[in-house]
$ cat work25.txt   # compact mmCIF, C-alpha atoms
# COMPACT_ATOMS: atom_id res chain seq x y z
CA MET B 828 0.00 0.00 0.00
CA ASP B 829 1.48 3.34 -1.02
CA TRP B 830 1.40 6.59 0.92
CA GLN B 831 -1.70 7.93 -0.81
CA GLY B 832 -3.37 4.56 -0.32
CA GLN B 833 -2.64 4.57 3.42
CA LYS B 834 -4.12 8.01 3.77
CA SER B 835 -7.25 7.17 1.82
CA ALA B 836 -7.64 3.85 3.66
CA GLU B 837 -7.62 5.59 7.01
CA MET B 838 -10.02 8.26 5.81
CA LEU B 839 -12.33 5.67 4.28
CA MET B 840 -12.33 3.62 7.45
CA GLN B 841 -13.34 6.51 9.65
CA VAL B 842 -15.92 7.93 7.26
CA LEU B 843 -17.51 4.54 6.62
CA LEU B 844 -17.69 3.64 10.31
CA VAL B 845 -19.21 6.95 11.33
CA ALA B 846 -21.65 6.79 8.43
CA SER B 847 -22.73 3.25 9.32
CA ALA B 848 -23.13 4.21 12.98
CA VAL B 849 -25.33 7.17 12.05
CA ALA B 850 -27.31 5.11 9.56
CA ALA B 851 -27.77 2.32 12.11
CA PHE B 852 -28.95 4.74 14.77
CA LEU B 853 -31.43 6.41 12.43
CA THR B 854 -32.90 3.16 11.10
CA GLY B 855 -33.06 1.72 14.61
CA TYR B 856 -34.82 4.77 15.91
CA ALA B 857 -37.18 5.01 12.95
CA MET B 858 -38.18 1.35 13.18
CA ALA B 859 -38.04 1.42 17.00
CA ASP B 860 -35.93 -1.70 16.90
CA PHE B 861 -32.70 -1.93 18.88
CA GLN B 862 -31.67 -5.22 17.35
CA LEU B 863 -32.07 -3.83 13.86
CA MET B 864 -29.69 -1.03 14.82
CA LEU B 865 -27.07 -3.55 15.91
CA LEU B 866 -27.51 -5.56 12.71
CA VAL B 867 -27.17 -2.52 10.47
CA TYR B 868 -24.10 -1.43 12.38
CA ALA B 869 -22.55 -4.90 12.20
CA GLY B 870 -23.12 -4.84 8.44
CA GLY B 871 -21.42 -1.48 8.22
CA VAL B 872 -18.43 -2.69 10.19
CA VAL B 873 -18.01 -5.79 8.03
CA LEU B 874 -18.25 -3.66 4.90
CA THR B 875 -15.68 -1.24 6.25
CA ALA B 876 -13.32 -4.07 7.13
CA LEU B 877 -13.73 -5.56 3.64
CA VAL B 878 -13.00 -2.24 1.97
CA THR B 879 -10.12 -1.00 4.09
CA VAL B 880 -8.31 -3.99 5.54
CA PRO B 881 -7.10 -5.96 2.47
CA ASN B 882 -4.46 -4.39 0.28
CA TRP B 883 -6.69 -3.63 -2.70
CA PRO B 884 -5.15 -2.50 -6.02
CA PHE B 885 -6.77 0.94 -5.80
CA PHE B 886 -4.65 1.70 -2.76
CA ASN B 887 -1.56 1.26 -4.96
CA ARG B 888 -2.19 3.77 -7.73
CA HIS B 889 0.53 6.16 -6.59
CA PRO B 890 3.70 4.10 -6.44
CA LEU B 891 6.78 5.88 -5.16
CA LYS B 892 9.05 6.89 -8.03
CA TRP B 893 12.51 5.80 -7.07
CA LEU B 894 15.44 7.12 -9.02
CA ASP B 895 16.47 4.51 -11.55
CA THR B 896 19.80 2.87 -10.94
CA PRO B 897 22.00 4.60 -13.56
CA GLU B 898 20.71 7.95 -12.31
CA ALA B 899 21.39 6.96 -8.71
CA ASP B 900 24.86 5.79 -9.63
CA ARG B 901 25.63 9.20 -11.00
CA HIS B 902 24.79 10.79 -7.61
CA PRO B 903 26.37 8.53 -5.06
CA ARG B 904 25.74 9.21 -1.41
CA PRO B 905 28.69 10.90 0.20
CA GLN B 906 30.50 8.36 2.29
CA ILE B 907 32.87 8.79 5.15
CA SER B 908 36.11 7.33 4.06
CA SER B 909 39.64 7.32 5.40
CA THR B 910 41.03 8.94 2.26
CA THR B 911 39.44 12.26 1.39
CA ALA B 912 41.31 12.37 -1.88
CA SER B 913 39.52 9.37 -3.33
CA THR B 914 36.10 10.85 -2.50
CA GLY B 915 36.97 13.98 -4.39
CA GLY B 916 38.13 11.86 -7.27
CA LYS B 917 34.89 9.92 -7.36
CA LYS B 918 32.86 13.09 -7.40
CA LYS B 919 34.82 14.45 -10.27
CA THR B 920 34.42 11.33 -12.30
CA GLY B 921 30.71 11.30 -11.58
CA LYS B 922 30.31 14.83 -12.82
CA ASN B 923 32.37 14.29 -15.85
CA LYS B 924 30.27 11.40 -16.96
CA MET J 892 37.11 0.03 11.19
CA GLY J 893 36.04 3.15 13.00
CA PHE J 894 33.18 3.51 10.56
CA ILE J 895 31.81 0.04 11.20
CA GLY J 896 32.31 0.50 14.94
CA ASP J 897 30.29 3.73 14.78
CA GLN J 898 27.47 2.02 12.94
CA VAL J 899 27.31 -0.88 15.38
CA GLU J 900 27.40 1.58 18.23
CA SER J 901 24.55 3.61 16.79
CA ILE J 902 22.44 0.51 16.18
CA ARG J 903 23.07 -0.68 19.67
CA SER J 904 22.12 2.64 21.20
CA MET J 905 19.03 2.74 19.01
CA GLN J 906 17.93 -0.62 20.31
CA VAL J 907 18.45 0.41 23.90
CA ARG J 908 16.36 3.50 23.26
CA GLN J 909 13.70 1.53 21.50
CA VAL J 910 13.44 -1.01 24.28
CA LEU J 911 13.25 1.80 26.80
CA SER J 912 10.54 3.63 24.89
CA GLN J 913 8.58 0.42 24.49
CA ILE J 914 8.79 -0.25 28.20
CA ILE J 915 7.53 3.26 28.79
CA SER J 916 4.62 2.86 26.39
CA LEU J 917 3.73 -0.43 28.08
CA GLY J 918 3.78 1.37 31.41
CA MET J 919 1.58 4.11 29.93
CA ILE J 920 -1.04 1.55 28.92
CA VAL J 921 -1.08 -0.04 32.36
CA THR J 922 -1.17 3.26 34.23
CA SER J 923 -3.86 4.78 32.02
CA ALA J 924 -6.06 1.77 32.71
CA LEU J 925 -5.42 2.28 36.40
CA ILE J 926 -6.23 5.98 36.12
CA ILE J 927 -9.54 5.25 34.43
CA TRP J 928 -10.48 2.69 37.09
CA LYS J 929 -9.52 4.91 40.02
CA GLY J 930 -11.21 7.91 38.38
CA LEU J 931 -14.42 5.91 38.05
CA MET J 932 -14.13 4.96 41.72
CA VAL J 933 -13.92 8.60 42.71
CA ALA J 934 -16.70 9.67 40.35
CA THR J 935 -19.16 7.00 41.45
CA GLY J 936 -18.14 6.67 45.10
CA SER J 937 -18.31 2.90 44.81
CA GLU J 938 -15.34 0.70 45.55
CA SER J 939 -16.04 -1.35 42.43
CA PRO J 940 -17.79 0.86 39.87
CA VAL J 941 -18.26 -1.95 37.36
CA VAL J 942 -19.35 -5.50 38.18
CA VAL J 943 -19.93 -8.55 36.04
CA VAL J 944 -23.09 -10.58 36.54
CA LEU J 945 -22.02 -14.12 37.37
CA SER J 946 -25.30 -15.94 37.98
CA GLY J 947 -28.67 -16.24 36.32
CA SER J 948 -30.63 -15.23 39.40
CA MET J 949 -31.73 -11.94 37.82
CA GLU J 950 -32.78 -13.36 34.46
CA PRO J 951 -34.27 -12.38 32.12
CA GLY J 952 -33.06 -8.89 33.04
CA PHE J 953 -29.42 -9.63 33.66
CA LYS J 954 -27.73 -12.65 32.17
CA ARG J 955 -24.38 -14.11 33.02
CA GLY J 956 -21.69 -11.97 31.43
CA ASP J 957 -23.56 -8.67 31.43
CA ILE J 958 -21.96 -5.74 33.20
CA LEU J 959 -23.48 -3.22 35.58
CA PHE J 960 -22.31 0.26 36.47
CA LEU J 961 -22.65 1.08 40.13
CA THR J 962 -22.85 4.27 42.13
CA MET J 963 -22.94 4.92 45.83
CA SER J 964 -25.10 8.01 46.25
CA ASN J 965 -26.47 9.24 49.55
CA GLU J 966 -30.05 9.06 48.35
CA PRO J 967 -32.13 6.68 50.41
CA ILE J 968 -32.49 3.16 49.07
CA ARG J 969 -36.00 2.26 47.92
CA THR J 970 -37.75 -0.88 46.76
CA GLY J 971 -37.19 -1.88 43.17
CA GLU J 972 -33.60 -0.80 43.06
CA ILE J 973 -30.96 -3.33 42.14
CA VAL J 974 -28.13 -3.37 44.66
CA VAL J 975 -24.84 -5.20 44.95
CA PHE J 976 -24.20 -6.44 48.45
CA ASN J 977 -21.60 -8.35 50.40
CA ILE J 978 -22.54 -10.92 52.99
CA ASP J 979 -20.11 -11.57 55.85
CA GLY J 980 -18.34 -14.82 55.17
CA ARG J 981 -19.13 -14.80 51.48
CA GLU J 982 -16.49 -13.92 48.94
CA ILE J 983 -18.54 -13.07 45.90
CA PRO J 984 -20.91 -10.09 46.06
CA ILE J 985 -24.52 -10.63 44.99
CA VAL J 986 -26.63 -8.51 42.62
CA HIS J 987 -30.32 -8.59 43.56
CA ARG J 988 -33.40 -6.41 43.76
CA VAL J 989 -34.66 -4.71 46.92
CA ILE J 990 -38.18 -5.85 47.80
CA LYS J 991 -38.58 -4.48 51.34
CA VAL J 992 -37.35 -1.33 53.01
CA HIS J 993 -37.83 -0.34 56.64
CA GLU J 994 -36.31 3.05 57.39
CA ARG J 995 -35.90 4.06 61.04
CA GLN J 996 -37.65 7.07 62.51
CA GLU J 997 -34.72 8.57 64.47
CA SER J 998 -31.49 7.12 63.15
CA ALA J 999 -30.43 6.82 59.52
CA GLU J 1000 -30.49 3.06 59.88
CA VAL J 1001 -32.34 1.04 57.32
CA ASP J 1002 -33.35 -2.61 57.00
CA ILE J 1003 -33.40 -4.02 53.48
CA LEU J 1004 -34.57 -7.34 52.10
CA THR J 1005 -33.56 -8.46 48.61
CA LYS J 1006 -34.63 -11.09 46.11
CA GLY J 1007 -33.40 -12.28 42.73
CA ASP J 1008 -35.99 -11.73 40.00
CA ASN J 1009 -35.53 -15.31 38.86
CA ASN J 1010 -35.44 -16.84 42.33
CA PHE J 1011 -38.50 -18.28 43.98
CA GLY J 1012 -37.99 -16.95 47.48
CA ASP J 1013 -36.27 -13.99 49.06
CA ASP J 1014 -32.58 -13.87 49.98
CA ARG J 1015 -32.75 -14.75 53.68
CA LEU J 1016 -31.33 -18.17 52.83
CA LEU J 1017 -28.31 -16.52 51.22
CA TYR J 1018 -27.66 -14.19 54.13
CA ALA J 1019 -25.44 -15.14 57.04
CA GLN J 1020 -26.86 -17.50 59.63
CA GLY J 1021 -29.65 -15.78 61.52
CA GLN J 1022 -29.38 -12.58 59.47
CA LEU J 1023 -32.78 -11.21 58.55
CA TRP J 1024 -31.96 -7.88 56.98
CA LEU J 1025 -29.25 -6.11 55.04
CA GLN J 1026 -27.93 -2.88 56.51
CA LYS J 1027 -26.36 0.01 54.71
CA HIS J 1028 -22.82 -1.24 55.28
CA HIS J 1029 -23.55 -4.42 53.34
CA ILE J 1030 -24.37 -2.46 50.22
CA MET J 1031 -21.42 -2.08 47.84
CA GLY J 1032 -23.21 -0.17 45.15
CA ARG J 1033 -26.48 0.52 43.39
CA ALA J 1034 -26.86 -0.41 39.76
CA VAL J 1035 -27.55 2.53 37.44
CA GLY J 1036 -26.29 1.41 34.05
CA TYR J 1037 -26.28 -1.80 32.06
CA LEU J 1038 -24.32 -3.22 29.14
CA PRO J 1039 -24.90 -6.73 27.82
CA TYR J 1040 -22.24 -9.37 27.05
CA VAL J 1041 -19.15 -7.21 27.71
CA GLY J 1042 -18.35 -9.09 30.91
CA TRP J 1043 -17.79 -12.38 29.12
CA VAL J 1044 -14.19 -11.36 28.59
CA THR J 1045 -13.50 -11.44 32.32
CA ILE J 1046 -15.56 -14.58 32.90
CA VAL J 1047 -13.60 -16.45 30.25
CA MET J 1048 -10.33 -15.14 31.63
CA THR J 1049 -11.04 -16.11 35.22
CA GLU J 1050 -12.32 -19.55 34.31
CA LYS J 1051 -9.69 -20.36 31.72
CA PRO J 1052 -6.47 -18.77 32.98
CA ILE J 1053 -4.52 -20.10 29.98
CA ILE J 1054 -6.46 -17.73 27.74
CA LYS J 1055 -5.58 -14.86 30.04
CA TYR J 1056 -1.86 -15.61 29.86
CA LEU J 1057 -2.05 -16.10 26.09
CA LEU J 1058 -3.80 -12.77 25.73
CA ILE J 1059 -1.38 -10.92 27.99
CA GLY J 1060 1.55 -12.54 26.19
CA ALA J 1061 0.19 -11.62 22.76
CA LEU J 1062 -0.49 -8.04 23.83
CA GLY J 1063 2.96 -7.70 25.37
CA LEU J 1064 4.55 -9.10 22.24
CA LEU J 1065 2.56 -6.70 20.11
CA VAL J 1066 3.65 -3.70 22.16
CA ILE J 1067 7.29 -4.75 22.28
CA THR J 1068 7.66 -5.70 18.63
CA SER J 1069 5.72 -2.79 17.16
CA LYS J 1070 7.93 0.02 16.00
CA GLU J 1071 7.14 3.71 16.05
CA MET P 394 4.40 -0.56 8.93
CA HIS P 395 0.93 -0.19 7.49
CA SER P 396 0.05 -3.85 7.54
CA TRP P 397 -3.44 -5.34 7.29
CA THR P 398 -3.32 -6.43 10.94
CA GLN P 399 -2.78 -2.84 11.97
CA ARG P 400 -5.67 -1.68 9.85
CA LEU P 401 -7.88 -4.43 11.25
CA LEU P 402 -6.97 -3.43 14.79
CA ALA P 403 -7.65 0.24 14.08
CA ALA P 404 -11.00 -0.59 12.46
CA ALA P 405 -12.01 -2.81 15.39
CA THR P 406 -11.10 -0.16 17.96
CA THR P 407 -12.96 2.59 16.13
CA ALA P 408 -15.95 0.32 15.59
CA ALA P 409 -16.14 -0.56 19.30
CA LEU P 410 -15.86 3.09 20.31
CA LEU P 411 -18.59 4.10 17.90
CA LEU P 412 -20.82 1.26 19.11
CA ALA P 413 -20.44 2.52 22.67
CA ALA P 414 -21.26 6.05 21.49
CA THR P 415 -24.36 4.82 19.64
CA CYS P 416 -25.61 2.96 22.71
CA ALA P 417 -24.95 6.02 24.85
CA ALA P 418 -26.92 8.14 22.38
CA ALA P 419 -29.81 5.66 22.40
CA SER P 420 -29.83 5.69 26.19
CA ALA P 421 -29.63 9.48 26.31
CA LEU P 422 -32.70 9.75 24.08
CA ASP P 423 -34.66 7.74 26.65
CA ALA P 424 -34.12 10.49 29.21
CA PHE P 425 -36.47 12.71 27.18
CA HIS P 426 -39.17 10.08 27.07
CA VAL P 427 -42.07 11.02 29.32
CA PRO P 428 -44.31 8.03 30.05
CA SER P 429 -47.97 8.43 30.92
CA VAL P 430 -49.06 5.52 33.06
CA GLU P 431 -52.66 4.90 33.97
CA ALA P 432 -53.22 2.57 36.85
CA GLN P 433 -55.61 1.63 39.62
CA ALA P 434 -55.52 -0.92 42.39
CA HIS P 435 -57.95 -1.80 45.13
CA VAL P 436 -57.78 -4.24 47.96
CA THR P 437 -60.74 -6.58 47.62
CA LYS P 438 -60.17 -8.88 50.59
CA ILE P 439 -58.04 -9.28 53.68
CA ASN P 440 -57.46 -13.02 53.67
CA GLN P 441 -55.58 -13.38 56.90
CA PHE P 442 -54.37 -10.96 59.55
CA ARG P 443 -52.54 -12.35 62.52
CA LYS P 444 -49.53 -12.08 64.72
CA GLN P 445 -46.66 -14.36 63.78
CA LEU P 446 -44.92 -16.51 66.38
CA ASN P 447 -41.95 -14.15 66.29
CA GLY P 448 -44.20 -11.25 67.19
CA ASN P 449 -44.65 -9.51 63.85
CA ASP P 450 -47.97 -8.68 62.25
CA LYS P 451 -48.61 -10.55 59.03
CA VAL P 452 -51.28 -9.84 56.46
CA THR P 453 -52.16 -11.65 53.29
CA LEU P 454 -54.60 -9.91 51.02
CA THR P 455 -56.19 -9.96 47.62
CA PHE P 456 -56.31 -6.98 45.32
CA ASN P 457 -57.04 -6.11 41.74
CA ILE P 458 -54.73 -4.11 39.51
CA SER P 459 -55.37 -2.49 36.21
CA ALA P 460 -52.39 -0.76 34.69
CA LYS P 461 -51.69 0.50 31.20
CA LEU P 462 -47.91 0.49 30.94
CA GLU P 463 -47.40 0.64 27.18
CA SER P 464 -46.01 4.14 27.38
CA LEU P 465 -43.06 2.97 29.47
CA PHE P 466 -41.61 1.15 26.50
CA THR P 467 -39.20 2.79 24.10
CA TRP P 468 -37.05 1.19 21.41
CA ASN P 469 -34.27 0.75 23.97
CA THR P 470 -36.39 -1.13 26.52
CA LYS P 471 -35.50 -4.71 27.29
CA GLN P 472 -38.06 -5.30 30.00
CA VAL P 473 -40.11 -3.49 32.59
CA PHE P 474 -40.24 -4.81 36.13
CA VAL P 475 -43.50 -3.67 37.67
CA PHE P 476 -44.47 -4.15 41.29
CA VAL P 477 -46.92 -2.99 43.95
CA THR P 478 -45.80 -2.02 47.42
CA ALA P 479 -47.69 -1.32 50.62
CA GLU P 480 -46.25 1.79 52.26
CA TYR P 481 -46.96 3.16 55.72
CA GLU P 482 -45.36 4.94 58.62
CA ASN P 483 -45.30 3.78 62.22
CA SER P 484 -43.68 4.83 65.48
CA LYS P 485 -40.57 2.76 64.80
CA ASN P 486 -40.00 3.45 61.13
CA SER P 487 -40.45 6.60 59.10
CA LEU P 488 -41.00 4.49 56.02
CA ASN P 489 -42.03 0.90 55.53
CA GLN P 490 -42.06 -0.32 51.94
CA VAL P 491 -43.16 -3.88 51.45
CA SER P 492 -43.54 -5.49 48.04
CA LEU P 493 -46.81 -7.37 47.65
CA TRP P 494 -46.70 -8.43 44.04
CA ASP P 495 -44.42 -8.07 41.03
CA ARG P 496 -44.27 -9.03 37.40
CA ILE P 497 -41.76 -8.86 34.57
CA ILE P 498 -43.19 -7.39 31.39
CA PRO P 499 -41.08 -8.46 28.42
CA ASP P 500 -42.66 -6.30 25.73
CA LYS P 501 -45.37 -3.84 24.82
CA ASP P 502 -47.88 -6.55 23.97
CA HIS P 503 -48.02 -7.63 27.60
CA ALA P 504 -48.03 -4.13 29.05
CA ASN P 505 -51.74 -3.94 29.70
CA VAL P 506 -52.13 -5.57 33.10
CA GLN P 507 -55.62 -6.42 34.36
CA VAL P 508 -55.50 -8.95 37.17
CA GLU P 509 -56.90 -9.82 40.53
CA VAL P 510 -54.17 -11.41 42.61
CA LYS P 511 -53.35 -12.66 46.05
CA SER P 512 -50.35 -10.91 47.50
CA LYS P 513 -47.30 -12.79 46.24
CA TYR P 514 -45.36 -11.71 49.31
CA PRO P 515 -47.19 -11.26 52.63
CA LEU P 516 -47.27 -7.86 54.27
CA ILE P 517 -45.12 -8.39 57.34
CA ASP P 518 -44.52 -5.57 59.78
CA GLN P 519 -41.49 -5.02 61.97
CA GLY P 520 -43.53 -5.24 65.14
CA THR P 521 -47.27 -5.02 65.76
CA SER P 522 -48.36 -1.69 64.36
CA LEU P 523 -50.67 -2.88 61.62
CA ARG P 524 -54.02 -3.04 63.49
CA GLY P 525 -56.17 -0.19 62.22
CA LYS P 526 -53.28 1.12 60.11
CA LYS P 527 -53.92 3.10 56.97
CA VAL P 528 -51.73 1.67 54.20
CA GLN P 529 -50.96 3.21 50.84
CA LEU P 530 -50.66 1.05 47.73
CA VAL P 531 -47.99 2.30 45.33
CA LEU P 532 -47.24 1.09 41.82
CA HIS P 533 -43.53 1.12 40.97
CA TRP P 534 -41.74 0.35 37.75
CA HIS P 535 -38.11 -0.31 36.93
CA ILE P 536 -37.15 -0.03 33.27
CA MET P 537 -34.25 -2.12 32.07
CA PRO P 538 -32.69 -0.93 28.81
CA ASN P 539 -30.99 -2.92 26.08
CA ALA P 540 -27.95 -0.85 26.94
CA GLY P 541 -27.54 2.22 29.08
CA ARG P 542 -29.23 3.77 32.07
CA MET P 543 -31.89 2.03 34.12
CA MET P 544 -34.86 4.11 35.14
CA ARG P 545 -37.42 3.96 37.89
CA GLY P 546 -40.75 5.56 38.52
CA LYS P 547 -43.75 5.25 40.80
CA MET P 548 -47.35 6.23 41.16
CA PRO P 549 -49.46 6.22 44.33
CA LEU P 550 -52.66 4.22 44.02
CA SER P 551 -55.43 3.71 46.56
CA GLU P 552 -55.25 3.63 50.34
CA PHE P 553 -56.84 0.99 52.51
CA ASN P 554 -57.45 0.48 56.22
CA LEU P 555 -56.51 -2.70 57.98
CA PRO P 556 -59.06 -4.02 60.50
CA ASP P 557 -58.70 -3.16 64.18
CA THR P 558 -58.54 -6.80 65.24
CA TYR P 559 -56.76 -9.90 64.02
CA THR P 560 -58.77 -12.34 61.95
CA SER P 561 -58.98 -15.93 63.21
$ encode --input "work25.txt" --output "structure tokens"
Amino acid sequence: MDWQGQKSAEMLMQVLLVASAVAAFLTGYAMADFQLMLLVYAGGVVLTALVTVPNWPFFNRHPLKWLDTPEADRHPRPQISSTTASTGGKKKTGKNK
Amino acid sequence: MGFIGDQVESIRSMQVRQVLSQIISLGMIVTSALIIWKGLMVATGSESPVVVVLSGSMEPGFKRGDILFLTMSNEPIRTGEIVVFNIDGREIPIVHRVIKVHERQESAEVDILTKGDNNFGDDRLLYAQGQLWLQKHHIMGRAVGYLPYVGWVTIVMTEKPIIKYLLIGALGLLVITSKE
Amino acid sequence: MHSWTQRLLAAATTAALLLAATCAAASALDAFHVPSVEAQAHVTKINQFRKQLNGNDKVTLTFNISAKLESLFTWNTKQVFVFVTAEYENSKNSLNQVSLWDRIIPDKDHANVQVEVKSKYPLIDQGTSLRGKKVQLVLHWHIMPNAGRMMRGKMPLSEFNLPDTYTS
């Protein structure tokens, strides 16, 4: 699950749960049936779990774009090394390429 | 070599910190539970603000595994109320309904008789030998709120201790292994 | 670290919290419910009135009750426990409340009570103050919710006078 997917999953979970709670309360009150309220709510919770718990494809529409390897090779991470001279040399070669 | 040594050192210090922070978060969980419990005690004035119904003597109102919220107000006790009381020489408190009240003229003393809704006779057989009435000091709390089923967790845990240890172990593992 | 177990745990926690909130809301709505109970009760016969061996007055009596309790029920009502007490004052006690009869009403369909009954529990005094005593009959109810706060209410019914002498 990518970053956008995580965000939307959390949002979806909260919105769906609150919505099902409100819907359950209203139907229960309207029908004057406490058990119906619990059933509606249970349905809402199961639905929410089905939508937000598994790693569905639509949570993975914004994959992180990593730098591709040749590009990354051209910008090596600076590394602490015993010989400062060699680091400078590497940098130079990298830039020249 | 110095580089590798630094890395190892940093990892090691990280782990120490992580373990420490996890211990702290575990402590936070335990203490916040304690705070909630003690806060409820203060708010309700009852020494056990929540009790689990253990017997079927109040069915069909209260079933085994339901929980009751108790208070300890100064209002006089009247018939019809459901009270939790302790009998001398009995370990487990009883939840039953008040069916008789005799309130004294001069003193604040009161004689109470209780009965389980589902029981045939009153509670004199449950009381201590020769005890005819409950007094105020027997009363641990007066039921004001009700939630069904929630108490099954504690019933299962007290009757099957293995489940309790499994649960505690799993929770501890979860807290210790979870990062962030 | 955004695994499905974590999401499941988060969903379960939120769901439980919301369920508690919904129950609390349902219970809170009940506080605004104003029942209108109509009820009458009259003692039709004093069956027995004597002094027990331990020195307390004991009365068994028959009375009729008619009570319309439908209005006590809301959608969050699990059962209504209804009972009749005899209440009186004497020199020893400022209040004596003795249950005579009770019944559990499981639903609205059974909430219209019309019965003539013998006292399920005898009226036993603490002492011997019942001769010639004026006793008040009171109808009480105790409403048990599906979840939430329990509520009580009462309504004074008729008064009756006990005879000046013991029967039999």
$ interface_residues --input "work25.txt" --of "chain P" --to "chain J" --cutoff "7 Å" --atoms "all atoms listed in the file" --output "PyMOL selection string"
chain P and resi 472+485-492+535+537+540-543
$ atom_distance --input "work25.txt" --atom1 "atom CA of B:Pro903" --atom2 "atom CA of B:Leu891"
19.8 Å
$ interface_residues --input "work25.txt" --of "chain P" --to "chain B" --cutoff "9 Å" --atoms "all atoms listed in the file" --output "list of chain:residue names"
P:His395, P:Ser396, P:Trp397, P:Thr398, P:Gln399, P:Arg400, P:Leu401, P:Ala403, P:Ala404, P:Ala405, P:Thr407, P:Ala408, P:Leu411, P:Leu412, P:Ala414, P:Thr415, P:Cys416, P:Ala418, P:Ala419, P:Thr467, P:Trp468, P:Asn469, P:Thr470, P:Asn539
$ residues_around --input "work25.txt" --residues "P:Trp534" --least-positions-apart "2" --cutoff "6 Å" --atoms "all atoms listed in the file" --output "compact mmCIF listing (two decimals) with C-alpha atoms, in the coordinates of the input"
# COMPACT_ATOMS: atom_id res chain seq x y z
CA PHE P 474 -40.24 -4.81 36.13
CA VAL P 475 -43.50 -3.67 37.67
CA ARG P 545 -37.42 3.96 37.89
CA GLY P 546 -40.75 5.56 38.52
$ residues_around --input "work25.txt" --residues "B:Pro890" --least-positions-apart "2" --cutoff "10 Å" --atoms "all atoms listed in the file" --output "MDAnalysis selection string"
chainID B and resid 828:832 886:888 892:893
$ decode --input "work25.txt" --residues "stretch 897-925 of chain J" --atoms "C-alpha atoms" --output "mmCIF file, in the first residue's frame"
data_model
loop_
_atom_site.group_PDB
_atom_site.id
_atom_site.type_symbol
_atom_site.label_atom_id
_atom_site.label_comp_id
_atom_site.auth_asym_id
_atom_site.auth_seq_id
_atom_site.Cartn_x
_atom_site.Cartn_y
_atom_site.Cartn_z
ATOM 1 C CA ASP J 897 30.291 3.727 14.785
ATOM 2 C CA GLN J 898 27.470 2.016 12.935
ATOM 3 C CA VAL J 899 27.309 -0.877 15.381
ATOM 4 C CA GLU J 900 27.398 1.580 18.234
ATOM 5 C CA SER J 901 24.546 3.612 16.792
ATOM 6 C CA ILE J 902 22.442 0.511 16.175
ATOM 7 C CA ARG J 903 23.066 -0.684 19.674
ATOM 8 C CA SER J 904 22.124 2.640 21.204
ATOM 9 C CA MET J 905 19.025 2.737 19.010
ATOM 10 C CA GLN J 906 17.931 -0.621 20.310
ATOM 11 C CA VAL J 907 18.447 0.414 23.898
ATOM 12 C CA ARG J 908 16.362 3.503 23.263
ATOM 13 C CA GLN J 909 13.700 1.534 21.503
ATOM 14 C CA VAL J 910 13.441 -1.011 24.279
ATOM 15 C CA LEU J 911 13.253 1.797 26.796
ATOM 16 C CA SER J 912 10.541 3.632 24.890
ATOM 17 C CA GLN J 913 8.583 0.421 24.489
ATOM 18 C CA ILE J 914 8.789 -0.251 28.198
ATOM 19 C CA ILE J 915 7.528 3.263 28.792
ATOM 20 C CA SER J 916 4.623 2.857 26.389
ATOM 21 C CA LEU J 917 3.728 -0.432 28.082
ATOM 22 C CA GLY J 918 3.775 1.374 31.407
ATOM 23 C CA MET J 919 1.579 4.111 29.932
ATOM 24 C CA ILE J 920 -1.035 1.554 28.924
ATOM 25 C CA VAL J 921 -1.079 -0.042 32.363
ATOM 26 C CA THR J 922 -1.174 3.259 34.232
ATOM 27 C CA SER J 923 -3.861 4.785 32.025
ATOM 28 C CA ALA J 924 -6.064 1.772 32.706
ATOM 29 C CA LEU J 925 -5.422 2.278 36.402
#
